[in-house]
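Shown below: protein.cif, with mmCIF, C-alpha atoms and all ligand atoms.
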```cif
data_target
#
loop_
_atom_site.group_PDB
_atom_site.id
_atom_site.type_symbol
_atom_site.label_atom_id
_atom_site.label_comp_id
_atom_site.auth_asym_id
_atom_site.auth_seq_id
_atom_site.Cartn_x
_atom_site.Cartn_y
_atom_site.Cartn_z
ATOM 1 C CA MET Y 1 106.617 100.118 100.758
ATOM 2 C CA PRO Y 2 104.631 102.492 102.982
ATOM 3 C CA SER Y 3 105.080 102.027 106.742
ATOM 4 C CA LYS Y 4 102.232 101.060 109.058
ATOM 5 C CA ASP Y 5 101.910 104.690 110.200
ATOM 6 C CA GLU Y 6 101.845 105.965 106.622
ATOM 7 C CA ARG Y 7 99.121 103.475 105.728
ATOM 8 C CA ARG Y 8 97.089 104.509 108.756
ATOM 9 C CA GLU Y 9 97.406 108.209 107.884
ATOM 10 C CA ALA Y 10 96.388 107.425 104.293
ATOM 11 C CA LEU Y 11 93.370 105.507 105.611
ATOM 12 C CA LYS Y 12 92.337 108.548 107.624
ATOM 13 C CA ALA Y 13 92.637 110.666 104.482
ATOM 14 C CA VAL Y 14 90.325 108.253 102.610
ATOM 15 C CA PHE Y 15 87.863 108.510 105.492
ATOM 16 C CA HIS Y 16 88.035 112.281 105.291
ATOM 17 C CA GLU Y 17 87.199 112.060 101.590
ATOM 18 C CA ALA Y 18 84.386 109.518 102.086
ATOM 19 C CA ARG Y 19 82.815 111.622 104.831
ATOM 20 C CA GLY Y 20 81.725 114.218 102.290
ATOM 21 C CA CYS Y 21 80.870 111.764 99.512
ATOM 22 C CA VAL Y 22 77.855 112.680 97.349
ATOM 23 C CA LYS Y 23 78.389 110.133 94.576
ATOM 24 C CA CYS Y 24 75.013 108.525 95.367
ATOM 25 C CA PRO Y 25 72.625 111.490 95.586
ATOM 26 C CA GLN Y 26 69.841 109.587 97.367
ATOM 27 C CA LEU Y 27 72.121 108.019 99.992
ATOM 28 C CA ALA Y 28 73.926 111.320 100.588
ATOM 29 C CA GLN Y 29 70.562 112.910 101.335
ATOM 30 C CA THR Y 30 69.092 110.236 103.565
ATOM 31 C CA ARG Y 31 72.139 109.117 105.604
ATOM 32 C CA HIS Y 32 73.047 110.625 108.954
ATOM 33 C CA THR Y 33 76.665 109.528 108.851
ATOM 34 C CA VAL Y 34 79.098 107.856 106.511
ATOM 35 C CA VAL Y 35 79.996 104.557 108.178
ATOM 36 C CA PHE Y 36 83.526 104.176 106.919
ATOM 37 C CA GLY Y 37 84.737 101.236 108.997
ATOM 38 C CA ALA Y 38 86.356 100.607 112.354
ATOM 39 C CA GLY Y 39 88.984 98.575 114.100
ATOM 40 C CA ASN Y 40 92.682 97.970 113.724
ATOM 41 C CA ALA Y 41 94.087 99.859 110.738
ATOM 42 C CA ASP Y 42 96.800 97.189 110.436
ATOM 43 C CA ALA Y 43 94.564 94.147 110.950
ATOM 44 C CA ASP Y 44 95.327 90.749 109.459
ATOM 45 C CA LEU Y 45 91.618 89.991 109.419
ATOM 46 C CA MET Y 46 88.998 92.140 107.709
ATOM 47 C CA PHE Y 47 85.228 91.699 107.588
ATOM 48 C CA VAL Y 48 83.148 93.217 104.802
ATOM 49 C CA GLY Y 49 79.400 93.371 105.346
ATOM 50 C CA GLU Y 50 76.618 94.783 103.215
ATOM 51 C CA ALA Y 51 75.664 98.290 104.305
ATOM 52 C CA PRO Y 52 74.998 100.201 107.516
ATOM 53 C CA GLY Y 53 71.588 99.782 109.119
ATOM 54 C CA ARG Y 54 69.755 102.244 111.346
ATOM 55 C CA ASN Y 55 71.985 101.801 114.433
ATOM 56 C CA GLU Y 56 75.181 102.043 112.407
ATOM 57 C CA ASP Y 57 73.913 105.146 110.597
ATOM 58 C CA GLU Y 58 73.168 106.784 113.949
ATOM 59 C CA GLN Y 59 76.450 105.832 115.631
ATOM 60 C CA GLY Y 60 78.766 106.062 112.629
ATOM 61 C CA LEU Y 61 80.219 102.606 113.349
ATOM 62 C CA PRO Y 62 79.683 99.298 111.536
ATOM 63 C CA PHE Y 63 77.927 96.292 113.040
ATOM 64 C CA VAL Y 64 76.715 97.835 116.289
ATOM 65 C CA GLY Y 65 73.188 96.311 116.223
ATOM 66 C CA GLN Y 66 72.015 92.712 116.697
ATOM 67 C CA ALA Y 67 74.127 91.372 113.825
ATOM 68 C CA GLY Y 68 77.128 93.130 115.339
ATOM 69 C CA LYS Y 69 76.526 91.454 118.691
ATOM 70 C CA LEU Y 70 76.576 88.047 117.012
ATOM 71 C CA LEU Y 71 79.727 88.990 115.118
ATOM 72 C CA GLU Y 72 81.367 90.033 118.382
ATOM 73 C CA THR Y 73 80.310 86.795 120.133
ATOM 74 C CA LEU Y 74 81.705 84.665 117.313
ATOM 75 C CA LEU Y 75 84.926 86.666 117.326
ATOM 76 C CA GLY Y 76 85.191 86.090 121.079
ATOM 77 C CA GLU Y 77 84.819 82.351 120.537
ATOM 78 C CA ILE Y 78 87.953 82.360 118.380
ATOM 79 C CA GLY Y 79 89.823 84.546 120.862
ATOM 80 C CA LEU Y 80 89.535 87.860 119.017
ATOM 81 C CA THR Y 81 88.009 91.235 119.823
ATOM 82 C CA ARG Y 82 86.563 93.869 117.500
ATOM 83 C CA ASP Y 83 89.548 96.140 118.020
ATOM 84 C CA GLU Y 84 91.943 93.499 116.655
ATOM 85 C CA VAL Y 85 90.166 93.244 113.283
ATOM 86 C CA PHE Y 86 88.947 95.778 110.738
ATOM 87 C CA ILE Y 87 85.217 95.833 110.017
ATOM 88 C CA THR Y 88 83.650 97.644 107.092
ATOM 89 C CA ASN Y 89 80.845 97.370 104.538
ATOM 90 C CA THR Y 90 80.319 97.246 100.797
ATOM 91 C CA LEU Y 91 78.318 100.494 101.007
ATOM 92 C CA LYS Y 92 79.391 103.174 103.440
ATOM 93 C CA CYS Y 93 75.936 104.778 103.605
ATOM 94 C CA ARG Y 94 72.659 103.332 104.835
ATOM 95 C CA PRO Y 95 70.176 102.594 102.053
ATOM 96 C CA PRO Y 96 66.823 104.085 103.100
ATOM 97 C CA GLY Y 97 64.571 101.559 104.827
ATOM 98 C CA ASN Y 98 67.489 99.067 104.714
ATOM 99 C CA ARG Y 99 66.708 98.214 101.090
ATOM 100 C CA ASP Y 100 69.283 96.215 99.140
ATOM 101 C CA PRO Y 101 72.192 98.208 97.726
ATOM 102 C CA HIS Y 102 71.679 99.100 94.073
ATOM 103 C CA PRO Y 103 74.342 97.878 91.619
ATOM 104 C CA VAL Y 104 75.205 101.459 90.698
ATOM 105 C CA GLU Y 105 75.727 102.337 94.373
ATOM 106 C CA ILE Y 106 78.075 99.378 94.817
ATOM 107 C CA GLU Y 107 79.998 100.508 91.766
ATOM 108 C CA ARG Y 108 80.289 104.094 93.001
ATOM 109 C CA CYS Y 109 81.338 103.036 96.493
ATOM 110 C CA GLN Y 110 83.770 100.244 95.640
ATOM 111 C CA ALA Y 111 86.846 102.447 95.330
ATOM 112 C CA TYR Y 112 86.662 103.179 99.078
ATOM 113 C CA LEU Y 113 86.645 99.475 99.883
ATOM 114 C CA PHE Y 114 89.513 98.719 97.524
ATOM 115 C CA ARG Y 115 91.565 101.533 99.087
ATOM 116 C CA GLN Y 116 90.789 100.180 102.561
ATOM 117 C CA ILE Y 117 92.018 96.741 101.540
ATOM 118 C CA GLU Y 118 95.141 98.212 99.971
ATOM 119 C CA LEU Y 119 95.938 100.266 103.090
ATOM 120 C CA VAL Y 120 95.004 97.846 105.880
ATOM 121 C CA GLU Y 121 96.743 94.953 104.077
ATOM 122 C CA PRO Y 122 94.675 92.124 105.572
ATOM 123 C CA THR Y 123 95.739 88.557 104.867
ATOM 124 C CA VAL Y 124 92.230 87.142 105.353
ATOM 125 C CA ILE Y 125 89.033 88.879 104.220
ATOM 126 C CA CYS Y 126 85.727 87.450 105.384
ATOM 127 C CA THR Y 127 82.930 88.614 103.147
ATOM 128 C CA LEU Y 128 79.637 88.548 105.010
ATOM 129 C CA GLY Y 129 76.737 87.668 102.747
ATOM 130 C CA ASN Y 130 76.097 87.986 99.052
ATOM 131 C CA PHE Y 131 76.899 91.600 98.258
ATOM 132 C CA SER Y 132 80.505 91.725 99.423
ATOM 133 C CA THR Y 133 81.162 88.162 98.254
ATOM 134 C CA LYS Y 134 79.979 88.903 94.725
ATOM 135 C CA LEU Y 135 81.864 92.192 94.595
ATOM 136 C CA LEU Y 136 85.221 90.874 95.829
ATOM 137 C CA ARG Y 137 85.021 87.660 93.815
ATOM 138 C CA GLY Y 138 83.830 89.519 90.718
ATOM 139 C CA ASP Y 139 81.392 86.687 90.101
ATOM 140 C CA PRO Y 140 77.634 86.232 90.737
ATOM 141 C CA THR Y 141 77.917 82.892 92.602
ATOM 142 C CA GLY Y 142 75.867 83.114 95.790
ATOM 143 C CA ILE Y 143 76.904 82.709 99.418
ATOM 144 C CA THR Y 144 74.962 79.461 99.950
ATOM 145 C CA ARG Y 145 77.378 77.677 97.622
ATOM 146 C CA LEU Y 146 80.501 79.505 98.715
ATOM 147 C CA HIS Y 147 80.378 79.936 102.479
ATOM 148 C CA GLY Y 148 83.223 78.297 104.378
ATOM 149 C CA ARG Y 149 85.392 77.780 101.287
ATOM 150 C CA GLU Y 150 88.528 79.878 101.306
ATOM 151 C CA GLU Y 151 90.365 80.806 98.142
ATOM 152 C CA VAL Y 152 93.292 83.011 97.244
ATOM 153 C CA ARG Y 153 92.052 85.964 95.197
ATOM 154 C CA VAL Y 154 93.709 89.088 93.914
ATOM 155 C CA VAL Y 155 91.656 92.014 95.199
ATOM 156 C CA GLY Y 156 92.882 95.300 93.784
ATOM 157 C CA PRO Y 157 96.671 95.202 94.148
ATOM 158 C CA ARG Y 158 96.724 92.480 96.839
ATOM 159 C CA ALA Y 159 96.385 88.743 97.000
ATOM 160 C CA VAL Y 160 94.294 87.757 100.015
ATOM 161 C CA ARG Y 161 92.664 84.676 101.465
ATOM 162 C CA LEU Y 162 89.017 85.351 100.739
ATOM 163 C CA TYR Y 163 86.669 83.505 103.053
ATOM 164 C CA PRO Y 164 82.933 84.002 102.386
ATOM 165 C CA LEU Y 165 80.602 83.601 105.352
ATOM 166 C CA PHE Y 166 76.865 83.879 105.893
ATOM 167 C CA HIS Y 167 75.817 87.371 106.884
ATOM 168 C CA PRO Y 168 75.183 87.383 110.663
ATOM 169 C CA ALA Y 169 71.837 89.203 110.173
ATOM 170 C CA ALA Y 170 70.691 86.491 107.758
ATOM 171 C CA ALA Y 171 71.910 83.794 110.143
ATOM 172 C CA LEU Y 172 69.830 85.342 112.930
ATOM 173 C CA TYR Y 173 66.704 84.675 110.857
ATOM 174 C CA THR Y 174 67.555 80.970 110.611
ATOM 175 C CA PRO Y 175 69.005 79.599 113.877
ATOM 176 C CA ALA Y 176 70.537 76.566 112.102
ATOM 177 C CA ASN Y 177 72.630 79.005 110.093
ATOM 178 C CA VAL Y 178 74.097 80.495 113.268
ATOM 179 C CA GLU Y 179 75.680 77.082 113.834
ATOM 180 C CA VAL Y 180 76.935 76.977 110.243
ATOM 181 C CA LEU Y 181 78.419 80.438 110.726
ATOM 182 C CA ARG Y 182 79.977 79.330 114.020
ATOM 183 C CA ARG Y 183 81.591 76.302 112.343
ATOM 184 C CA ASP Y 184 82.894 78.448 109.489
ATOM 185 C CA PHE Y 185 84.233 80.983 112.004
ATOM 186 C CA ALA Y 186 86.123 78.236 113.818
ATOM 187 C CA ARG Y 187 88.416 77.885 110.771
ATOM 188 C CA ILE Y 188 89.489 81.528 110.743
ATOM 189 C CA PRO Y 189 92.499 81.031 113.098
ATOM 190 C CA GLU Y 190 93.821 78.311 110.790
ATOM 191 C CA LEU Y 191 93.576 80.655 107.785
ATOM 192 C CA LEU Y 192 95.275 83.465 109.686
ATOM 193 C CA ALA Y 193 98.092 81.096 110.646
ATOM 194 C CA LEU Y 194 98.813 80.489 106.957
ATOM 195 C CA GLY Y 195 99.932 84.115 106.644
ATOM 196 C CA ALA Y 196 99.714 86.241 103.509
ATOM 197 C CA PRO Y 197 99.528 84.441 100.175
ATOM 198 C CA GLU Y 198 102.189 85.169 97.595
ATOM 199 C CA GLN Y 199 101.693 88.713 96.305
ATOM 200 C CA PRO Y 200 101.435 89.649 92.632
ATOM 201 C CA ARG Y 201 104.516 91.434 91.303
ATOM 202 C CA ARG Y 202 103.979 95.198 91.210
ATOM 203 C CA LEU Y 203 105.513 95.933 87.836
ATOM 204 C CA VAL Y 204 104.573 99.589 87.858
ATOM 205 C CA GLU Y 205 106.496 100.223 91.061
ATOM 206 C CA GLU Y 206 109.677 98.928 89.525
ATOM 207 C CA GLU Y 207 109.672 101.689 86.894
ATOM 208 C CA PRO Y 208 111.562 104.777 88.078
ATOM 209 C CA GLU Y 209 109.183 107.695 88.553
ATOM 210 C CA PRO Y 210 109.628 110.384 85.896
ATOM 211 C CA VAL Y 211 110.452 113.775 87.437
ATOM 212 C CA ILE Y 212 107.919 116.358 86.303
ATOM 213 C CA GLU Y 213 108.332 119.999 87.174
ATOM 214 C CA GLU Y 214 105.013 121.175 88.623
ATOM 215 C CA PRO Y 215 104.018 124.823 88.213
ATOM 216 C CA ALA Y 216 103.641 126.502 91.606
ATOM 217 C CA LEU Y 217 100.035 126.266 92.817
ATOM 218 C CA ALA Y 218 98.196 128.209 95.468
ATOM 219 C CA ALA Y 219 98.289 126.211 98.691
ATOM 220 C CA GLU Y 220 95.204 124.020 99.286
ATOM 221 C CA PRO Y 221 93.551 124.551 102.665
ATOM 222 C CA GLU Y 222 94.610 121.841 105.135
ATOM 223 C CA PRO Y 223 91.843 119.218 105.686
ATOM 224 C CA GLU Y 224 90.393 119.087 109.173
ATOM 225 C CA PRO Y 225 92.225 116.420 111.167
ATOM 226 C CA VAL Y 226 90.317 113.172 111.613
ATOM 227 C CA ALA Y 227 90.342 112.038 115.214
ATOM 228 C CA ALA Y 228 91.112 108.352 115.708
ATOM 229 C CA ALA Y 229 87.951 107.997 117.807
ATOM 230 C CA GLN Y 230 85.804 109.120 114.871
ATOM 231 C CA LEU Y 231 87.300 106.344 112.794
ATOM 232 C CA GLY Y 232 86.932 103.798 115.563
ATOM 233 C CA LEU Y 233 90.572 102.960 114.931
ATOM 234 C CA PHE Y 234 92.862 101.541 117.546
HETATM 235 N N1 LIG L 301 74.656 94.768 108.432
HETATM 236 C C1 LIG L 301 75.705 95.072 107.639
HETATM 237 O O1 LIG L 301 75.895 94.511 106.589
HETATM 238 N N2 LIG L 301 76.543 95.998 108.076
HETATM 239 C C2 LIG L 301 76.406 96.640 109.210
HETATM 240 O O2 LIG L 301 77.237 97.480 109.509
HETATM 241 C C3 LIG L 301 75.306 96.308 110.014
HETATM 242 C C4 LIG L 301 74.451 95.363 109.613
#
```

Whole structure, structure tokens version:
Amino acid sequence: MPSKDERREALKAVFHEARGCVKCPQLAQTRHTVVFGAGNADADLMFVGEAPGRNEDEQGLPFVGQAGKLLETLLGEIGLTRDEVFITNTLKCRPPGNRDPHPVEIERCQAYLFRQIELVEPTVICTLGNFSTKLLRGDPTGITRLHGREEVRVVGPRAVRLYPLFHPAAALYTPANVEVLRRDFARIPELLALGAPEQPRRLVEEEPEPVIEEPALAAEPEPEPVAAAQLGLF
């Protein structure tokens, strides 16, 4: 089992990799920054939004615009701050003109999200809106039917309490939905108090690793260190 520090270092390495990502040629050309995610690298609570917007693309941090302000207010109402949770998105790059993410972009980007979940080890994941909800549930059911209903789901190698919520930006369009979001938020502490659900058995890990003699390779250049501030990690 990797320690907290090892998981944090591994998360920084994934960020380093994502920073140069060109898997989606259009997004790689139009983005200013890769918005990897921010917050506590060992958070119990993770939020997964849709994709960075203009402000996020400029600042390199998720949820820093109007939707982010609402998210922060609602977090405050349940006694939490941004730096206690981990916030990320389904896509790490801004789609031009804030268009919807394309299915192929979600597919290309999903490995980063699954690695983040594996390394942060949240017990509760709040999906914000349709895109992250559909991706992490692996099912096309929409957020209107699912919001506020928690379920235990295996996401990558981990079982988590998945808790779909309305996207704060969508809620801002419909004031009544801000109240729905607020009510759904109010149940988060209760879900956190339940702790982690029972984890699936990791059969592969129980096999002893075969020892393979590697031929000597020329040393790879060391990657540039990633400063914690760039990650927005605490
Ligand atoms: N909307 C999102 O889904 N993510 C952000 O980071 C900002 C707005």

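Applied to the file shown here, the PyMOL selection byres (((not hetatm)) within 6 of (chain L and resi 301)) selects the residues Gly49, Glu50, Ala51, Pro52, Gly53, Glu56, Pro62, Phe63, Ala67 and Asn89 of chain Y.
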
Output of the PyMOL selection byres (((chain Y and resi 121) around 8) and not hetatm), listed as a count of residues only:
10

So that I can see what lies close to Val155 in chain Y, please list as a list in words the residues with an atom at most 8 Å from it, counting only C-alpha atoms and leaving out residues fewer than 2 positions away in the same chain.
Phe114, Ile117, Leu136, Arg153, Pro157, Arg158, Ala159 and Val160 of chain Y

Those residues you just picked out, can you put them in a file as a PDB file, in the coordinates of the input with C-alpha atoms?
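For reference, part-v4.pdb as written:
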```pdb
ATOM      1  CA  PHE Y 114      89.513  98.719  97.524  1.00  0.00           C
ATOM      2  CA  ILE Y 117      92.018  96.741 101.540  1.00  0.00           C
ATOM      3  CA  LEU Y 136      85.221  90.874  95.829  1.00  0.00           C
ATOM      4  CA  ARG Y 153      92.052  85.964  95.197  1.00  0.00           C
ATOM      5  CA  PRO Y 157      96.671  95.202  94.148  1.00  0.00           C
ATOM      6  CA  ARG Y 158      96.724  92.480  96.839  1.00  0.00           C
ATOM      7  CA  ALA Y 159      96.385  88.743  97.000  1.00  0.00           C
ATOM      8  CA  VAL Y 160      94.294  87.757 100.015  1.00  0.00           C
TER       9      VAL Y 160
END
```

Y:Ala176, Y:Asp100, Y:Ala169, Y:Phe131 ranked by distance to Val64 in chain Y, top pick (using all atoms listed in the file)
Y:Ala169

Once the PyMOL selection byres (((chain Y and resi 108-110) around 9) and not hetatm) has been applied to the shown file, what residues remain in the selection, as a list in words?
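Taken over the shown coordinates, the PyMOL selection byres (((chain Y and resi 108-110) around 9) and not hetatm) returns Lys23, Cys24, Thr90, Leu91, Lys92, Pro103, Val104, Glu105, Ile106, Glu107, Ala111, Tyr112, Leu113, Phe114, Arg115 and Leu135 of chain Y.
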